[in-house]
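Peer 1: Below is the file structure35.tsv, with TSV, C-alpha atoms.
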```tsv
chain	number	residue	atom	x	y	z
Q	1	MET	CA	-52.18	-156.98	-172.38
Q	2	SER	CA	-50.50	-153.61	-172.65
Q	3	ARG	CA	-46.86	-153.14	-173.52
Q	4	GLY	CA	-44.60	-151.14	-171.24
Q	5	ILE	CA	-42.06	-148.53	-172.25
Q	6	LYS	CA	-39.38	-146.96	-170.11
Q	7	THR	CA	-38.69	-143.60	-171.68
Q	8	LYS	CA	-38.05	-139.92	-171.33
Q	9	THR	CA	-40.96	-137.52	-171.66
Q	10	ARG	CA	-40.66	-134.14	-173.38
Q	11	LYS	CA	-39.56	-132.62	-170.06
Q	12	LEU	CA	-36.83	-135.30	-170.00
Q	13	GLU	CA	-38.29	-137.03	-166.97
Q	14	VAL	CA	-37.83	-140.80	-166.94
Q	15	GLU	CA	-41.22	-142.51	-166.83
Q	16	ASN	CA	-42.54	-146.02	-167.12
Q	17	LEU	CA	-45.41	-145.77	-169.58
Q	18	GLU	CA	-47.88	-148.38	-170.74
Q	19	VAL	CA	-49.77	-148.37	-174.00
Q	20	ILE	CA	-53.49	-148.20	-173.22
Q	21	SER	CA	-54.81	-147.47	-176.71
Q	22	ASP	CA	-53.10	-148.23	-179.99
Q	23	ILE	CA	-54.35	-148.22	-183.55
Q	24	GLY	CA	-51.93	-150.97	-184.55
Q	25	GLY	CA	-51.82	-151.50	-188.29
Q	26	VAL	CA	-48.90	-152.01	-190.63
Q	27	GLU	CA	-45.52	-151.58	-189.04
Q	28	GLU	CA	-43.52	-150.37	-192.03
Q	29	ILE	CA	-44.48	-147.07	-193.60
Q	30	SER	CA	-42.59	-144.37	-195.47
Q	31	PRO	CA	-42.94	-140.59	-195.47
Q	32	CYS	CA	-44.87	-140.78	-198.75
Q	33	ASP	CA	-47.62	-142.78	-196.97
Q	34	VAL	CA	-48.47	-140.03	-194.47
Q	35	GLU	CA	-49.36	-136.36	-194.35
Q	36	LEU	CA	-49.26	-133.55	-191.80
Q	37	PHE	CA	-52.47	-131.91	-190.65
Q	38	PHE	CA	-53.78	-129.67	-187.92
Q	39	PRO	CA	-57.27	-130.54	-186.69
Q	40	LEU	CA	-60.38	-128.52	-187.29
Q	41	PHE	CA	-62.37	-127.53	-184.22
Q	42	ARG	CA	-66.06	-128.24	-184.71
Q	43	GLY	CA	-65.61	-127.74	-188.44
Q	44	ARG	CA	-63.66	-124.47	-188.13
Q	45	ASP	CA	-60.03	-123.84	-188.91
Q	46	THR	CA	-58.02	-122.93	-185.80
Q	47	THR	CA	-54.47	-121.85	-185.08
Q	48	ALA	CA	-54.33	-123.36	-181.56
Q	49	PHE	CA	-56.29	-125.50	-179.11
Q	50	HIS	CA	-55.94	-126.92	-175.63
Q	51	ALA	CA	-55.20	-130.63	-175.51
Q	52	ALA	CA	-58.13	-131.22	-173.14
Q	53	ASP	CA	-60.33	-130.63	-176.20
Q	54	ILE	CA	-58.59	-133.28	-178.27
Q	55	CYS	CA	-61.71	-135.45	-178.66
Q	56	ASP	CA	-63.50	-132.48	-180.22
Q	57	HIS	CA	-60.65	-131.93	-182.64
Q	58	LEU	CA	-59.62	-135.37	-183.81
Q	59	LYS	CA	-62.04	-137.44	-185.83
Q	60	GLU	CA	-61.69	-141.21	-185.61
Q	61	VAL	CA	-60.22	-141.31	-189.13
Q	62	ASP	CA	-57.50	-138.87	-188.03
Q	63	ARG	CA	-56.23	-141.34	-185.41
Q	64	ASP	CA	-54.92	-143.89	-187.90
Q	65	VAL	CA	-51.20	-143.42	-187.17
Q	66	GLY	CA	-49.59	-144.35	-183.86
Q	67	LEU	CA	-46.38	-145.34	-182.08
Q	68	ARG	CA	-45.47	-148.20	-184.46
Q	69	HIS	CA	-45.64	-145.75	-187.33
Q	70	ALA	CA	-43.44	-143.25	-185.48
Q	71	GLU	CA	-40.90	-146.01	-184.89
Q	72	SER	CA	-41.06	-146.97	-188.57
Q	73	LEU	CA	-40.50	-143.37	-189.72
Q	74	LEU	CA	-37.61	-143.06	-187.28
Q	75	LYS	CA	-35.86	-145.91	-189.15
Q	76	VAL	CA	-36.03	-143.91	-192.39
Q	77	GLN	CA	-35.57	-140.47	-190.86
Q	78	GLY	CA	-33.19	-139.41	-193.62
Q	79	ARG	CA	-36.17	-139.45	-196.00
Q	80	LEU	CA	-38.39	-137.21	-193.86
Q	81	PRO	CA	-39.07	-133.87	-195.57
Q	82	GLU	CA	-36.89	-130.98	-194.41
Q	83	GLU	CA	-39.92	-128.77	-193.67
Q	84	TRP	CA	-41.16	-131.28	-191.06
Q	85	LYS	CA	-38.23	-130.34	-188.81
Q	86	LYS	CA	-40.03	-127.20	-187.64
Q	87	TYR	CA	-42.86	-129.24	-186.05
Q	88	PHE	CA	-43.43	-131.61	-183.19
Q	89	LEU	CA	-45.03	-134.49	-185.14
Q	90	LEU	CA	-47.83	-136.03	-183.06
Q	91	PHE	CA	-49.10	-139.58	-183.55
Q	92	PRO	CA	-52.66	-139.63	-182.14
Q	93	GLY	CA	-53.34	-143.33	-182.77
Q	94	THR	CA	-51.50	-144.29	-179.57
Q	95	VAL	CA	-52.21	-143.17	-176.01
Q	96	LEU	CA	-49.93	-144.12	-173.13
Q	97	ARG	CA	-50.17	-143.59	-169.38
Q	98	VAL	CA	-47.81	-143.58	-166.45
Q	99	VAL	CA	-47.61	-147.01	-164.80
Q	100	HIS	CA	-47.07	-145.77	-161.21
Q	101	GLY	CA	-48.22	-142.53	-159.63
Q	102	LYS	CA	-50.62	-140.14	-161.32
Q	103	LYS	CA	-52.29	-141.75	-164.31
Q	104	LEU	CA	-51.23	-139.04	-166.73
Q	105	LEU	CA	-51.80	-139.62	-170.45
Q	106	TYR	CA	-49.18	-139.17	-173.16
Q	107	MET	CA	-49.02	-139.19	-176.95
Q	108	PRO	CA	-45.90	-140.13	-178.95
Q	109	SER	CA	-44.21	-137.58	-181.17
Q	110	LEU	CA	-41.22	-137.32	-183.44
Q	111	THR	CA	-39.14	-134.25	-182.68
Q	112	TRP	CA	-36.11	-132.88	-184.53
Q	113	THR	CA	-33.07	-132.11	-182.41
Q	114	GLN	CA	-29.81	-130.61	-183.66
Q	115	ASN	CA	-27.68	-133.11	-181.74
Q	116	SER	CA	-29.56	-136.37	-182.24
Q	117	GLY	CA	-31.67	-135.91	-185.36
Q	118	TRP	CA	-35.24	-137.22	-185.05
Q	119	VAL	CA	-36.15	-138.72	-181.66
Q	120	ILE	CA	-39.35	-140.08	-180.16
Q	121	TYR	CA	-40.67	-138.10	-177.20
Q	122	TYR	CA	-43.92	-138.52	-175.31
Q	123	TYR	CA	-46.12	-135.47	-174.79
Q	124	LEU	CA	-48.47	-135.04	-171.87
Q	125	ILE	CA	-51.90	-134.83	-173.50
Q	126	TRP	CA	-54.14	-133.02	-171.06
Q	127	ARG	CA	-51.95	-130.15	-169.91
Q	128	ARG	CA	-50.70	-128.32	-172.92
Q	129	ASP	CA	-51.72	-126.05	-175.72
Q	130	TRP	CA	-50.96	-127.06	-179.28
Q	131	SER	CA	-50.42	-124.44	-181.95
Q	132	ARG	CA	-50.40	-124.79	-185.71
Q	133	ASP	CA	-46.98	-123.17	-186.08
Q	134	LYS	CA	-45.24	-125.69	-183.76
Q	135	HIS	CA	-47.30	-128.89	-183.86
Q	136	ALA	CA	-48.51	-131.11	-186.66
Q	137	PHE	CA	-50.48	-134.31	-186.42
Q	138	ILE	CA	-49.69	-137.26	-188.67
Q	139	ARG	CA	-52.29	-139.32	-190.54
Q	140	MET	CA	-52.36	-141.64	-193.52
Q	141	LYS	CA	-52.65	-139.82	-196.83
Q	142	ARG	CA	-56.15	-139.58	-198.18
```
Show the structure stored in the file as structure tokens.
Peer 2:
Amino acid sequence: MSRGIKTKTRKLEVENLEVISDIGGVEEISPCDVELFFPLFRGRDTTAFHAADICDHLKEVDRDVGLRHAESLLKVQGRLPEEWKKYFLLFPGTVLRVVHGKKLLYMPSLTWTQNSGWVIYYYLIWRRDWSRDKHAFIRMKR
């Protein structure tokens, strides 16, 4: 059974999303448990890629952090490193889709805002380009 979420997407549209894939795992983590990374593309370093190629970029071991982890980090947001504020932090262990209408897929992210601090947004996966200078993926430290 999937869990439903009523939320705002990055474009601030209200959507009813359902979790269709989730890594699960421990619920409580701290910033010292995770690291930022930007995926390699077929073994090569890249500065950007289109989200439609995400399966080529993310190895299974890089999908070990998802929505529960984003929620956990949000609880301790005061301990998140200052340099993380320049990125949209993507949590590839969870994939969500719109409940009604087009079955668009989303990925959770933590995003820094001046007014609200860190907030969870949901990014449309298949219709965007991700660049190293704006986006970072989160995974467990190795």
Peer 1: Of the residues Q:Phe41, Q:Phe49, Q:Phe91, Q:Trp118, which is the one nearest to Q:Gly78, using all atoms listed in the file?
Peer 2: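 Ranked by minimum distance to Q:Gly78, first place goes to Q:Trp118.
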Peer 1: Taking into account all atoms listed in the file, which residue in the set Q:Lys134, Q:Arg63, Q:Lys141, Q:Arg44 is nearest to Q:Gly93?
Peer 2: Q:Arg63
Peer 1: Counting all atoms listed in the file, which of Q:Pro31, Q:His57, Q:Pro92, Q:Asp133 gets nearest to Q:Gly43?
Peer 2: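 Closest to Q:Gly43 of all the choices is Q:His57.
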Peer 1: Can you pull out the residues contacting Q:Ile125? Cut-off 10 Å, using all atoms listed in the file, and skip same-chain residues under 2 positions away; I want them as a PyMOL selection string.
Peer 2: chain Q and resi 50-54+92+95-97+104-108+122-123+127-130
Peer 1: For a quick check of understanding, using all atoms listed in the file, which of Q:Val34, Q:Ile120, Q:Ala48, Q:Leu74 has the smallest distance to Q:Ile138?
Peer 2: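 Ranking Q:Val34, Q:Ile120, Q:Ala48, Q:Leu74 by distance to Q:Ile138, first place goes to Q:Val34.
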Peer 1: Can you tell me how far atom CA of Q:Trp126 sits from atom CA of Q:Lys75, in Å to one decimal?
Peer 2: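 These atoms are spaced 28.8 Å apart.
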Peer 1: What is the atom CA of Q:Glu35-atom CA of Q:Met140 distance in Å, reported with one decimal?
Peer 2: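 So the two atoms, atom CA of Q:Glu35 and atom CA of Q:Met140, lie 6.1 Å apart.
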